[in-house]
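Listing of my_file_37.txt; format and content: compact mmCIF, C-alpha atoms and all ligand atoms.
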# COMPACT_ATOMS: atom_id res chain seq x y z
CA MET K 1 8.90 1.88 28.58
CA ALA K 2 6.21 0.26 26.49
CA GLU K 3 2.72 1.78 26.24
CA GLN K 4 -0.04 -0.47 27.54
CA TYR K 5 -3.23 -1.30 25.62
CA ASP K 6 -5.64 -4.21 25.92
CA VAL K 7 -5.89 -4.56 22.16
CA VAL K 8 -3.58 -3.60 19.30
CA ILE K 9 -5.14 -3.82 15.83
CA ILE K 10 -2.80 -3.64 12.84
CA GLY K 11 -4.68 -2.25 9.84
CA ALA K 12 -7.27 0.54 9.76
CA GLY K 13 -9.27 -0.95 6.92
CA ALA K 14 -12.85 -2.19 7.02
CA ALA K 15 -12.16 -5.19 9.25
CA GLY K 16 -9.76 -3.45 11.64
CA MET K 17 -12.03 -0.46 12.23
CA MET K 18 -15.04 -2.69 12.88
CA ALA K 19 -13.07 -4.77 15.39
CA ALA K 20 -11.87 -1.58 17.11
CA ILE K 21 -15.43 -0.26 17.44
CA GLU K 22 -16.75 -3.47 18.94
CA ALA K 23 -13.81 -4.00 21.31
CA GLY K 24 -13.94 -0.34 22.37
CA LYS K 25 -17.67 -0.61 23.10
CA ARG K 26 -16.83 -3.45 25.49
CA GLY K 27 -14.55 -1.12 27.40
CA ARG K 28 -11.29 -2.50 26.02
CA ARG K 29 -8.46 0.00 25.54
CA VAL K 30 -7.80 -0.22 21.82
CA VAL K 31 -5.20 1.26 19.49
CA VAL K 32 -5.33 0.80 15.71
CA LEU K 33 -2.03 1.15 13.86
CA ASP K 34 -1.76 1.71 10.13
CA HIS K 35 1.20 2.63 7.99
CA ALA K 36 -0.98 4.59 5.57
CA LYS K 37 -1.66 8.32 5.81
CA ALA K 38 -5.44 7.80 5.87
CA PRO K 39 -7.72 5.05 7.19
CA GLY K 40 -9.99 2.95 4.97
CA GLU K 41 -8.33 3.79 1.68
CA LYS K 42 -9.88 0.77 -0.04
CA ILE K 43 -13.29 1.78 1.23
CA ARG K 44 -12.71 5.20 -0.31
CA ILE K 45 -12.01 3.84 -3.80
CA SER K 46 -14.51 0.98 -3.63
CA GLY K 47 -17.61 0.72 -5.75
CA GLY K 48 -16.44 3.49 -8.05
CA GLY K 49 -16.26 5.88 -5.06
CA ARG K 50 -19.70 4.91 -3.73
CA CYS K 51 -18.69 1.77 -1.77
CA ASN K 52 -20.75 -1.34 -2.36
CA PHE K 53 -20.78 -1.81 1.40
CA THR K 54 -22.75 -5.06 1.63
CA ASN K 55 -24.98 -7.45 -0.25
CA ILE K 56 -28.40 -8.19 1.22
CA HIS K 57 -28.22 -11.76 -0.13
CA ALA K 58 -24.81 -12.53 1.44
CA SER K 59 -24.62 -16.14 2.55
CA PRO K 60 -21.77 -18.66 2.92
CA LYS K 61 -22.28 -19.86 -0.65
CA ASN K 62 -20.97 -16.51 -1.91
CA PHE K 63 -17.51 -17.14 -0.48
CA LEU K 64 -14.51 -19.19 -1.59
CA SER K 65 -12.37 -20.92 1.03
CA ALA K 66 -10.57 -24.22 1.51
CA ASN K 67 -13.15 -24.68 4.29
CA PRO K 68 -16.49 -23.33 2.99
CA HIS K 69 -18.08 -23.80 6.44
CA PHE K 70 -15.68 -21.52 8.28
CA CYS K 71 -17.39 -18.22 7.41
CA LYS K 72 -20.84 -19.38 8.58
CA SER K 73 -20.50 -18.41 12.23
CA ALA K 74 -19.24 -14.85 11.68
CA LEU K 75 -21.71 -14.18 8.85
CA ALA K 76 -24.57 -15.31 11.10
CA ARG K 77 -23.39 -13.18 14.01
CA TYR K 78 -23.16 -9.98 11.98
CA THR K 79 -25.54 -9.81 9.03
CA PRO K 80 -25.94 -7.36 6.14
CA GLN K 81 -29.01 -6.00 7.98
CA ASP K 82 -26.83 -5.21 11.01
CA PHE K 83 -24.55 -3.10 8.83
CA VAL K 84 -27.51 -1.44 7.11
CA SER K 85 -28.87 -0.49 10.57
CA LEU K 86 -25.52 1.09 11.42
CA VAL K 87 -25.49 3.01 8.12
CA ASP K 88 -29.09 4.13 8.73
CA SER K 89 -28.27 5.27 12.26
CA HIS K 90 -25.75 7.69 10.72
CA GLY K 91 -28.31 8.98 8.22
CA ILE K 92 -26.29 7.79 5.24
CA ALA K 93 -28.50 7.43 2.16
CA TRP K 94 -28.06 4.25 0.12
CA HIS K 95 -29.66 2.34 -2.71
CA GLU K 96 -29.69 -1.16 -4.14
CA LYS K 97 -28.00 -1.05 -7.52
CA THR K 98 -28.52 -4.61 -8.71
CA LEU K 99 -28.41 -8.19 -7.40
CA GLY K 100 -28.69 -7.10 -3.74
CA GLN K 101 -25.66 -4.78 -3.96
CA LEU K 102 -26.03 -1.78 -1.64
CA PHE K 103 -24.17 1.44 -2.47
CA CYS K 104 -23.96 4.88 -0.83
CA ASP K 105 -26.07 7.43 -2.70
CA ASP K 106 -23.35 10.01 -2.24
CA SER K 107 -19.82 8.93 -1.36
CA ALA K 108 -17.80 6.06 0.10
CA LYS K 109 -16.26 8.67 2.38
CA ASP K 110 -19.54 8.64 4.32
CA ILE K 111 -18.76 5.06 5.38
CA ILE K 112 -15.24 6.01 6.48
CA ARG K 113 -16.59 8.99 8.45
CA MET K 114 -19.18 6.71 10.08
CA LEU K 115 -16.53 4.20 11.16
CA LEU K 116 -14.25 6.94 12.50
CA THR K 117 -17.13 8.47 14.48
CA GLU K 118 -17.99 5.07 15.94
CA MET K 119 -14.33 4.48 16.81
CA LYS K 120 -14.14 7.83 18.55
CA ASP K 121 -17.33 7.11 20.50
CA ALA K 122 -15.84 3.76 21.53
CA ARG K 123 -12.61 5.57 22.59
CA ALA K 124 -10.49 3.54 20.18
CA VAL K 125 -7.25 5.34 19.30
CA LEU K 126 -6.10 5.57 15.67
CA ARG K 127 -2.44 6.02 14.76
CA LEU K 128 -1.58 6.55 11.13
CA GLY K 129 1.86 6.50 9.53
CA ALA K 130 2.85 3.77 11.99
CA GLN K 131 5.82 1.68 10.86
CA ILE K 132 5.63 -1.75 12.47
CA GLN K 133 9.12 -3.13 12.99
CA SER K 134 8.38 -6.36 14.81
CA VAL K 135 5.82 -8.31 16.77
CA GLU K 136 6.89 -10.49 19.67
CA LYS K 137 5.16 -12.84 22.08
CA THR K 138 5.50 -11.86 25.74
CA LEU K 139 4.49 -13.67 28.91
CA SER K 140 1.19 -11.81 29.15
CA GLY K 141 0.47 -11.16 25.47
CA PHE K 142 2.34 -9.38 22.69
CA ARG K 143 4.78 -6.53 22.16
CA VAL K 144 4.47 -4.51 18.98
CA VAL K 145 7.60 -2.55 18.15
CA THR K 146 7.05 0.50 15.96
CA ALA K 147 9.42 3.18 14.74
CA ASP K 148 7.88 5.43 17.44
CA GLY K 149 8.06 3.07 20.37
CA MET K 150 6.74 -0.17 21.85
CA ILE K 151 3.19 -1.16 22.71
CA ASP K 152 2.27 -4.10 24.93
CA CYS K 153 -1.16 -5.72 24.64
CA SER K 154 -3.01 -8.85 25.63
CA SER K 155 -4.77 -9.21 22.25
CA LEU K 156 -3.22 -8.58 18.87
CA VAL K 157 -5.49 -8.39 15.83
CA ILE K 158 -4.00 -8.63 12.36
CA ALA K 159 -6.27 -6.77 9.94
CA SER K 160 -3.71 -5.70 7.35
CA GLY K 161 -5.56 -7.06 4.31
CA GLY K 162 -4.22 -9.04 1.36
CA LYS K 163 -1.78 -8.39 -1.47
CA SER K 164 -4.13 -6.67 -3.89
CA ILE K 165 -3.19 -3.18 -5.14
CA PRO K 166 0.36 -2.87 -3.72
CA LYS K 167 0.34 0.77 -4.85
CA MET K 168 -2.17 1.40 -2.05
CA GLY K 169 0.06 -0.10 0.62
CA ALA K 170 -0.89 -3.80 0.48
CA THR K 171 2.07 -5.67 1.91
CA GLY K 172 1.46 -9.32 2.68
CA PHE K 173 2.29 -8.38 6.29
CA ALA K 174 -0.43 -10.65 7.71
CA TYR K 175 1.04 -13.72 6.03
CA ARG K 176 4.48 -12.99 7.49
CA ILE K 177 2.99 -12.71 11.00
CA ALA K 178 1.05 -15.95 10.44
CA GLU K 179 4.28 -17.69 9.44
CA GLN K 180 6.15 -16.21 12.39
CA PHE K 181 3.62 -17.82 14.75
CA GLY K 182 3.52 -21.11 12.85
CA LEU K 183 0.04 -20.73 11.30
CA PRO K 184 -0.42 -22.49 7.95
CA LEU K 185 -1.24 -20.51 4.81
CA ILE K 186 -3.34 -21.35 1.78
CA GLU K 187 -1.51 -20.27 -1.36
CA THR K 188 -2.56 -16.77 -2.38
CA ARG K 189 -3.56 -15.58 -5.85
CA PRO K 190 -5.17 -12.48 -7.33
CA ALA K 191 -8.98 -12.70 -7.55
CA LEU K 192 -11.78 -10.53 -8.95
CA VAL K 193 -9.25 -9.54 -11.58
CA PRO K 194 -9.35 -8.88 -15.34
CA LEU K 195 -7.95 -11.71 -17.49
CA THR K 196 -5.34 -11.12 -20.18
CA LEU K 197 -5.01 -12.59 -23.68
CA ASP K 198 -1.89 -13.34 -25.70
CA PRO K 199 -0.90 -11.02 -28.57
CA ALA K 200 -2.37 -13.30 -31.28
CA GLN K 201 -5.73 -13.46 -29.48
CA LEU K 202 -5.70 -9.72 -28.90
CA GLU K 203 -5.02 -9.17 -32.60
CA SER K 204 -7.98 -11.36 -33.58
CA LEU K 205 -10.26 -9.52 -31.12
CA SER K 206 -8.90 -6.02 -31.78
CA LEU K 207 -12.13 -5.03 -33.52
CA LEU K 208 -13.98 -5.69 -30.27
CA ALA K 209 -12.02 -3.55 -27.76
CA GLY K 210 -14.53 -1.56 -25.75
CA VAL K 211 -17.52 -3.80 -26.52
CA ALA K 212 -19.68 -4.88 -23.57
CA VAL K 213 -22.28 -7.65 -23.70
CA ASP K 214 -24.35 -9.66 -21.24
CA ALA K 215 -23.05 -13.18 -20.94
CA GLU K 216 -22.88 -16.24 -18.77
CA ALA K 217 -19.17 -16.79 -18.02
CA ARG K 218 -18.29 -20.33 -17.06
CA SER K 219 -15.17 -22.00 -15.67
CA GLY K 220 -15.56 -25.59 -14.48
CA LYS K 221 -18.78 -25.74 -12.47
CA ALA K 222 -18.85 -22.00 -11.68
CA ALA K 223 -21.05 -19.71 -13.78
CA PHE K 224 -21.90 -16.00 -13.50
CA GLU K 225 -24.39 -14.07 -15.56
CA GLU K 226 -23.41 -10.41 -15.87
CA ALA K 227 -21.69 -8.09 -18.34
CA VAL K 228 -18.44 -9.00 -20.10
CA LEU K 229 -16.19 -6.23 -21.38
CA ILE K 230 -13.58 -6.81 -24.08
CA THR K 231 -10.59 -4.55 -23.50
CA HIS K 232 -7.24 -3.76 -25.15
CA ARG K 233 -5.60 -6.19 -22.73
CA GLY K 234 -8.17 -8.97 -22.62
CA LEU K 235 -11.42 -9.62 -20.77
CA SER K 236 -13.01 -7.65 -17.96
CA GLY K 237 -16.46 -6.68 -16.67
CA PRO K 238 -18.30 -8.15 -13.68
CA ALA K 239 -18.86 -11.63 -15.17
CA ILE K 240 -15.13 -11.98 -15.89
CA LEU K 241 -14.05 -10.62 -12.48
CA GLN K 242 -16.37 -13.14 -10.83
CA ILE K 243 -15.18 -16.11 -12.88
CA SER K 244 -11.50 -15.10 -12.43
CA SER K 245 -11.71 -16.33 -8.83
CA TYR K 246 -12.43 -19.83 -10.14
CA TRP K 247 -10.25 -19.83 -13.28
CA ARG K 248 -6.78 -21.42 -13.18
CA GLU K 249 -3.86 -20.90 -15.61
CA GLY K 250 -4.26 -22.99 -18.75
CA GLY K 251 -8.01 -23.34 -18.26
CA ASP K 252 -10.77 -22.14 -20.57
CA ILE K 253 -13.41 -19.50 -20.01
CA ARG K 254 -16.65 -20.30 -21.82
CA LEU K 255 -18.94 -17.43 -22.66
CA GLY K 256 -22.60 -17.83 -23.48
CA LEU K 257 -23.53 -14.46 -24.95
CA LEU K 258 -27.02 -13.08 -24.28
CA PRO K 259 -28.01 -16.03 -22.06
CA ARG K 260 -31.65 -14.91 -21.97
CA VAL K 261 -32.03 -14.54 -25.70
CA ASP K 262 -32.65 -17.43 -28.10
CA ILE K 263 -30.54 -15.99 -30.93
CA ALA K 264 -31.08 -19.00 -33.20
CA ALA K 265 -34.87 -18.64 -32.93
CA LEU K 266 -34.62 -14.92 -33.71
CA LEU K 267 -32.46 -15.58 -36.79
CA LYS K 268 -34.85 -18.24 -38.05
CA ALA K 269 -37.80 -15.88 -37.59
CA ALA K 270 -35.89 -13.12 -39.42
CA ARG K 271 -35.16 -15.55 -42.28
CA ARG K 272 -38.86 -16.40 -42.58
CA GLU K 273 -39.70 -12.72 -42.83
CA ASN K 274 -36.95 -11.67 -45.20
CA GLY K 275 -34.55 -14.31 -46.50
CA ARG K 276 -32.53 -11.70 -48.35
CA GLN K 277 -31.49 -9.93 -45.16
CA ALA K 278 -27.77 -10.40 -44.39
CA LEU K 279 -27.01 -12.67 -41.42
CA GLN K 280 -24.79 -9.96 -39.93
CA THR K 281 -27.60 -7.37 -40.08
CA ALA K 282 -30.09 -9.74 -38.48
CA LEU K 283 -27.58 -10.68 -35.77
CA ALA K 284 -26.90 -7.01 -35.03
CA GLU K 285 -30.57 -6.74 -33.94
CA SER K 286 -29.60 -8.61 -30.76
CA LEU K 287 -25.79 -8.44 -30.44
CA PRO K 288 -23.64 -5.28 -30.49
CA LYS K 289 -22.79 -4.48 -34.12
CA ARG K 290 -19.09 -5.22 -33.82
CA LEU K 291 -19.74 -8.62 -32.24
CA ALA K 292 -22.20 -9.43 -35.03
CA GLN K 293 -19.50 -8.53 -37.55
CA PHE K 294 -16.87 -10.55 -35.67
CA PHE K 295 -18.94 -13.74 -35.47
CA THR K 296 -20.13 -13.62 -39.08
CA GLU K 297 -16.63 -12.88 -40.39
CA THR K 298 -15.04 -15.59 -38.21
CA ALA K 299 -17.59 -18.11 -39.53
CA GLY K 300 -16.90 -16.97 -43.12
CA PHE K 301 -20.51 -15.75 -43.49
CA SER K 302 -19.88 -12.05 -44.28
CA ASN K 303 -22.57 -10.71 -46.61
CA ARG K 304 -24.40 -14.05 -46.58
CA PRO K 305 -28.20 -13.75 -46.77
CA LEU K 306 -30.17 -15.61 -44.13
CA ALA K 307 -31.81 -17.73 -46.85
CA ASP K 308 -28.44 -19.41 -47.46
CA LEU K 309 -28.53 -20.96 -44.01
CA SER K 310 -30.50 -24.04 -43.05
CA ASP K 311 -31.91 -24.48 -39.53
CA LYS K 312 -28.95 -26.71 -38.76
CA GLY K 313 -26.57 -24.08 -40.17
CA ILE K 314 -28.07 -21.40 -37.94
CA ASP K 315 -27.89 -23.69 -34.89
CA ALA K 316 -24.23 -24.50 -35.58
CA PHE K 317 -23.40 -20.83 -36.12
CA CYS K 318 -25.13 -19.83 -32.87
CA LEU K 319 -23.21 -22.44 -30.91
CA GLY K 320 -20.11 -20.30 -31.48
CA ILE K 321 -21.94 -17.39 -29.80
CA LYS K 322 -23.53 -19.39 -27.00
CA ASP K 323 -20.38 -21.37 -26.18
CA TRP K 324 -17.54 -19.05 -27.10
CA THR K 325 -14.43 -20.65 -25.64
CA ILE K 326 -11.42 -18.48 -24.82
CA THR K 327 -8.19 -19.53 -23.11
CA PRO K 328 -6.81 -16.50 -21.24
CA ALA K 329 -3.03 -16.12 -21.06
CA GLY K 330 -3.13 -14.93 -17.45
CA SER K 331 -4.56 -12.23 -15.22
CA GLU K 332 -3.63 -8.62 -14.55
CA GLY K 333 -2.35 -9.80 -11.16
CA TYR K 334 -2.37 -8.01 -7.82
CA ARG K 335 -1.89 -4.67 -9.59
CA THR K 336 -5.62 -4.52 -10.34
CA ALA K 337 -7.12 -7.46 -8.41
CA GLU K 338 -9.89 -6.41 -6.03
CA VAL K 339 -9.05 -9.14 -3.55
CA THR K 340 -6.60 -11.89 -2.65
CA LEU K 341 -7.74 -15.49 -2.72
CA GLY K 342 -6.22 -17.80 -0.09
CA GLY K 343 -4.39 -16.53 2.98
CA VAL K 344 -4.34 -17.59 6.62
CA ASP K 345 -5.63 -21.17 6.71
CA THR K 346 -8.96 -21.20 8.54
CA ARG K 347 -8.08 -24.54 10.16
CA ALA K 348 -5.76 -22.57 12.41
CA LEU K 349 -8.50 -20.15 13.52
CA ASP K 350 -11.56 -20.40 15.74
CA SER K 351 -14.55 -19.54 13.54
CA ARG K 352 -16.47 -17.74 16.34
CA SER K 353 -13.71 -15.37 17.38
CA MET K 354 -11.07 -15.48 14.61
CA GLN K 355 -8.50 -16.29 17.30
CA ALA K 356 -5.53 -18.49 16.40
CA ARG K 357 -6.20 -21.87 18.01
CA ASP K 358 -2.60 -22.39 19.09
CA VAL K 359 -1.67 -18.77 19.86
CA PRO K 360 -4.14 -17.37 22.40
CA GLY K 361 -4.61 -13.62 21.97
CA LEU K 362 -3.64 -13.53 18.29
CA TYR K 363 -6.47 -12.83 15.81
CA PHE K 364 -6.70 -12.59 12.00
CA ILE K 365 -9.64 -10.86 10.33
CA GLY K 366 -10.75 -9.58 6.93
CA GLU K 367 -9.09 -10.22 3.63
CA CYS K 368 -5.92 -11.82 5.01
CA VAL K 369 -7.98 -14.87 6.04
CA ASP K 370 -8.69 -17.58 3.47
CA VAL K 371 -12.27 -16.40 2.94
CA THR K 372 -12.91 -14.54 -0.32
CA GLY K 373 -16.25 -13.20 -1.44
CA TRP K 374 -17.79 -12.79 -4.85
CA LEU K 375 -17.96 -9.37 -6.42
CA GLY K 376 -20.89 -7.34 -5.13
CA GLY K 377 -20.41 -6.22 -1.52
CA TYR K 378 -19.58 -9.66 -0.13
CA ASN K 379 -15.97 -8.86 0.72
CA PHE K 380 -16.91 -5.89 2.86
CA GLN K 381 -19.57 -8.03 4.56
CA TRP K 382 -16.83 -10.51 5.44
CA ALA K 383 -14.64 -7.67 6.75
CA TRP K 384 -17.48 -6.33 8.94
CA ALA K 385 -18.52 -9.80 10.17
CA SER K 386 -15.03 -11.11 10.96
CA GLY K 387 -14.10 -7.77 12.57
CA PHE K 388 -17.28 -7.84 14.66
CA SER K 389 -16.60 -11.43 15.78
CA ALA K 390 -13.05 -10.66 16.90
CA GLY K 391 -14.27 -7.47 18.57
CA GLN K 392 -16.53 -9.52 20.87
CA THR K 393 -13.66 -11.60 22.22
CA VAL K 394 -10.42 -9.58 22.21
P1 LIG Q 401 -7.91 -3.50 3.82
O1 LIG Q 401 -6.96 -3.75 2.72
O2 LIG Q 401 -9.12 -2.71 3.55
O3 LIG Q 401 -7.16 -2.77 5.03
C1 LIG Q 401 -5.88 -3.17 5.45
C2 LIG Q 401 -5.20 -2.00 6.12
O4 LIG Q 401 -3.96 -2.46 6.65
C3 LIG Q 401 -4.89 -0.86 5.15
O5 LIG Q 401 -5.35 0.36 5.70
C4 LIG Q 401 -3.36 -0.89 5.04
O6 LIG Q 401 -2.80 0.39 4.89
C5 LIG Q 401 -2.95 -1.52 6.36
N1 LIG Q 401 -1.66 -2.22 6.31
C6 LIG Q 401 -1.25 -3.13 5.39
N2 LIG Q 401 -0.01 -3.54 5.67
C7 LIG Q 401 0.37 -2.88 6.80
C8 LIG Q 401 1.55 -2.87 7.58
N3 LIG Q 401 2.62 -3.61 7.25
N4 LIG Q 401 1.61 -2.05 8.66
C9 LIG Q 401 0.55 -1.26 9.00
N5 LIG Q 401 -0.59 -1.23 8.31
C10 LIG Q 401 -0.69 -2.04 7.22
N6 LIG Q 401 -15.41 -5.06 -1.68
C11 LIG Q 401 -16.75 -4.91 -1.53
O7 LIG Q 401 -17.36 -5.65 -0.77
N7 LIG Q 401 -17.42 -3.93 -2.23
C12 LIG Q 401 -16.78 -3.08 -3.08
O8 LIG Q 401 -17.39 -2.16 -3.65
C13 LIG Q 401 -15.38 -3.27 -3.28
N8 LIG Q 401 -14.71 -2.50 -4.19
C14 LIG Q 401 -13.35 -2.63 -4.31
C15 LIG Q 401 -12.67 -1.84 -5.24
C16 LIG Q 401 -11.29 -1.95 -5.35
C17 LIG Q 401 -10.57 -1.12 -6.38
C18 LIG Q 401 -10.57 -2.85 -4.52
C19 LIG Q 401 -9.09 -2.96 -4.60
C20 LIG Q 401 -11.25 -3.66 -3.62
C21 LIG Q 401 -12.65 -3.57 -3.51
N9 LIG Q 401 -13.35 -4.38 -2.63
C22 LIG Q 401 -14.72 -4.24 -2.51
C23 LIG Q 401 -12.66 -5.33 -1.74
C24 LIG Q 401 -12.50 -4.70 -0.35
O9 LIG Q 401 -11.89 -3.42 -0.50
C25 LIG Q 401 -11.66 -5.57 0.56
O10 LIG Q 401 -12.20 -6.86 0.61
C26 LIG Q 401 -11.62 -4.98 1.97
O11 LIG Q 401 -11.09 -3.68 1.92
C27 LIG Q 401 -10.79 -5.83 2.91
O12 LIG Q 401 -10.78 -5.20 4.16
P2 LIG Q 401 -9.58 -5.44 5.17
O13 LIG Q 401 -9.88 -4.54 6.32
O14 LIG Q 401 -9.37 -6.87 5.42
O15 LIG Q 401 -8.27 -4.93 4.40
Let me see whether you can do it: turn the structure in this file into structure tokens.
Ligand code: FDA
Amino acid sequence: MAEQYDVVIIGAGAAGMMAAIEAGKRGRRVVVLDHAKAPGEKIRISGGGRCNFTNIHASPKNFLSANPHFCKSALARYTPQDFVSLVDSHGIAWHEKTLGQLFCDDSAKDIIRMLLTEMKDARAVLRLGAQIQSVEKTLSGFRVVTADGMIDCSSLVIASGGKSIPKMGATGFAYRIAEQFGLPLIETRPALVPLTLDPAQLESLSLLAGVAVDAEARSGKAAFEEAVLITHRGLSGPAILQISSYWREGGDIRLGLLPRVDIAALLKAARRENGRQALQTALAESLPKRLAQFFTETAGFSNRPLADLSDKGIDAFCLGIKDWTITPAGSEGYRTAEVTLGGVDTRALDSRSMQARDVPGLYFIGECVDVTGWLGGYNFQWAWASGFSAGQTV
């Protein structure tokens, strides 16, 4: 005998828990199945353990998708302010770190506890350690076969996330279900991910491992101004994670270091004051010391006094700092990617409810859908908003 529920949600992550809360509040009998031992594991590790749970500036322009309009409806129906109100109603203290990014003051676990409390209040059932064996269409809905038995439901919500961090249980399950029901997929790739360099590049930058600097990172038309971190493997830091979502293999990343500082003007002023000062010393007034050394050595200007350089010479030298072009060898892949770009093609989904257009009762929400946010709380906002939208209809 199969158990009967109105709604089965596969995945107790951000999106699945939000959908469960909303569907439960509407009186639907909901069960959430997850193969993990604990719910919301990505919430727990997010934002360095403090969960950057939303971004107050979230708008459709902060998301990548083959159809940039798709996310508009859900984002308008459930806004960052709606989530902040929920957080406030649970007395969870938070702060804005930078650029509209809201973090818990204390711990990401507060967000998980809040969602679990809301689920309990909405009478949604949570089953962990659930091994899903198959999903089948029935006359009245769906049958989910697990290692512990069968569950029949009229609405099935796939909230099992993307492929990022397989060590944490990411499986690509959602894409297999989409394929099973004939929904198209947009090719997936790791996003918000550090970029790697080849051994020769790493050798030439070895002096710089561990150096962080503010920069504008550009790839094609996309540009992000934040910190860049040079690592033993390549490039990281928020500006690189952001631009990685736009970068494609073989393409360049262009870095404009210290975008708000006119380095050439500073060097010219320093030369006027003291022409005997070494270029490297003057440069180290604005750039980290090791970067100053790297750029002067690379240009063959080690130990050169400023007086040796003409205005044109300084301008040409600074171009290398303001338009530093690097061709990454690849990315660190799903092992460290924060999210998965691509996924279930939004053309197959109704943007109000997240329901598959051709398979009534089947829903896809959260990261498995081809909607990917920038770094900075946008991905959770998409999880909350798409989960909320499905929760109103299932
Ligand atoms: P999510 O991956 O959260 O949940 C999917 C659930 O499905 C998991 O519980 C999983 O166990 C389960 N599952 C998978 N396959 C299954 C199967 N076959 N059977 C049963 N269950 C299955 N975003 C942001 O906005 N702010 C931030 O601070 C961060 N920080 C951050 C740090 C790190 C290290 C990572 C990896 C990611 C972030 N993110 C983030 C991104 C954010 O975590 C991500 O966008 C959301 O968790 C996506 O929510 P979902 O509910 O869609 O999937």
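Among the candidates K:Lys42, K:Arg272, K:Arg127, K:Arg304, the one nearest to ligand LIG 401 (chain Q) when counting all atoms listed in the file is K:Lys42.
Taking CA of Tyr363 (chain K) and CA of Gly11 (chain K) as endpoints, the distance between them is 12.3 Å.
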With the cut-off set at 7 Å and counting all atoms listed in the file, tabulate each residue of chain K with an atom at most that distance from an atom of ligand LIG 401 (chain Q), showing the nearest atom pair and its distance in Å to one decimal, ordered by chain and increasing number, as CSV.
residue,atom,partner,partner_atom,distance
K:Ile10,CA,Q:LIG401,N5,5.6
K:Gly11,CA,Q:LIG401,O4,3.3
K:Ala12,CA,Q:LIG401,O5,4.5
K:Gly13,CA,Q:LIG401,O3,3.4
K:Ala14,CA,Q:LIG401,O13,3.9
K:Ala15,CA,Q:LIG401,O13,3.8
K:Gly16,CA,Q:LIG401,O13,5.4
K:Leu33,CA,Q:LIG401,C9,6.0
K:Asp34,CA,Q:LIG401,N5,3.7
K:His35,CA,Q:LIG401,C9,4.1
K:Ala36,CA,Q:LIG401,O6,4.6
K:Pro39,CA,Q:LIG401,O5,5.5
K:Gly40,CA,Q:LIG401,O5,5.4
K:Glu41,CA,Q:LIG401,O5,6.1
K:Lys42,CA,Q:LIG401,O9,4.7
K:Ile43,CA,Q:LIG401,O9,5.7
K:Ile45,CA,Q:LIG401,C17,5.8
K:Ser46,CA,Q:LIG401,N8,3.5
K:Gly47,CA,Q:LIG401,O8,3.6
K:Cys51,CA,Q:LIG401,O8,4.5
K:Asn52,CA,Q:LIG401,O8,3.7
K:Phe53,CA,Q:LIG401,N7,5.4
K:Thr54,CA,Q:LIG401,O7,5.9
K:Ala130,CA,Q:LIG401,C9,6.3
K:Gln131,CA,Q:LIG401,N4,6.0
K:Ile132,CA,Q:LIG401,N4,5.5
K:Ala159,CA,Q:LIG401,O14,5.5
K:Ser160,CA,Q:LIG401,O4,3.3
K:Gly161,CA,Q:LIG401,O15,3.4
K:Gly162,CA,Q:LIG401,O1,6.1
K:Ser164,CA,Q:LIG401,C19,6.2
K:Ile165,CA,Q:LIG401,C19,5.9
K:Gly169,CA,Q:LIG401,O6,5.2
K:Ala170,CA,Q:LIG401,C6,5.0
K:Thr171,CA,Q:LIG401,N2,4.8
K:Gly172,CA,Q:LIG401,N2,6.7
K:Phe173,CA,Q:LIG401,N3,4.9
K:Thr336,CA,Q:LIG401,C19,6.9
K:Ala337,CA,Q:LIG401,C19,6.2
K:Glu338,CA,Q:LIG401,C19,3.8
K:Val339,CA,Q:LIG401,C23,5.6
K:Ile365,CA,Q:LIG401,O14,6.3
K:Gly366,CA,Q:LIG401,O14,3.4
K:Glu367,CA,Q:LIG401,O14,3.8
K:Cys368,CA,Q:LIG401,O14,6.0
K:Leu375,CA,Q:LIG401,C11,6.7
K:Gly376,CA,Q:LIG401,N7,5.7
K:Gly377,CA,Q:LIG401,O7,3.2
K:Tyr378,CA,Q:LIG401,O7,4.6
K:Asn379,CA,Q:LIG401,O7,3.8
K:Phe380,CA,Q:LIG401,O7,3.7
K:Gln381,CA,Q:LIG401,O7,6.2
K:Ala383,CA,Q:LIG401,O12,5.3
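One distance worth recording is that between CA of Lys322 (chain K) and CA of Ala215 (chain K), which is 8.7 Å.
Nearest residue to Leu139 (chain K), choosing from K:Pro360, K:Glu96, K:Ala38, K:Pro288 and counting all atoms listed in the file: K:Pro360.
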As a ChimeraX atom specification, please: the residues near Asn303 (chain K) (cut-off 9 Å, all atoms listed in the file, same-chain neighbours under 2 positions excluded).
/K:278-281,296-297,301,305
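Nearest residue to Asp358 (chain K), choosing from K:Tyr175, K:Phe388, K:Phe224, K:Phe181 and counting only C-alpha atoms: K:Phe181.
Here CA of Glu3 (chain K) is placed at a distance of 29.3 Å from CA of Ala348 (chain K).
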Contact check, region 5-107 of chain K to region 370-373 of chain K, at most 10 Å, counting only C-alpha atoms, closest pairs as a Markdown table:
| residue | atom | partner | partner_atom | distance |
| --- | --- | --- | --- | --- |
| K:Ala58 | CA | K:Gly373 | CA | 9.1 |
| K:Ser59 | CA | K:Gly373 | CA | 9.7 |
| K:Pro60 | CA | K:Gly373 | CA | 8.9 |
| K:Lys61 | CA | K:Gly373 | CA | 9.0 |
| K:Asn62 | CA | K:Gly373 | CA | 5.8 |
| K:Phe63 | CA | K:Gly373 | CA | 4.2 |
| K:Leu64 | CA | K:Thr372 | CA | 5.1 |
| K:Ser65 | CA | K:Val371 | CA | 4.9 |
| K:Ala66 | CA | K:Asp370 | CA | 7.2 |
| K:Asn67 | CA | K:Asp370 | CA | 8.4 |
| K:Pro68 | CA | K:Val371 | CA | 8.1 |
| K:Phe70 | CA | K:Val371 | CA | 8.1 |
| K:Cys71 | CA | K:Val371 | CA | 7.0 |
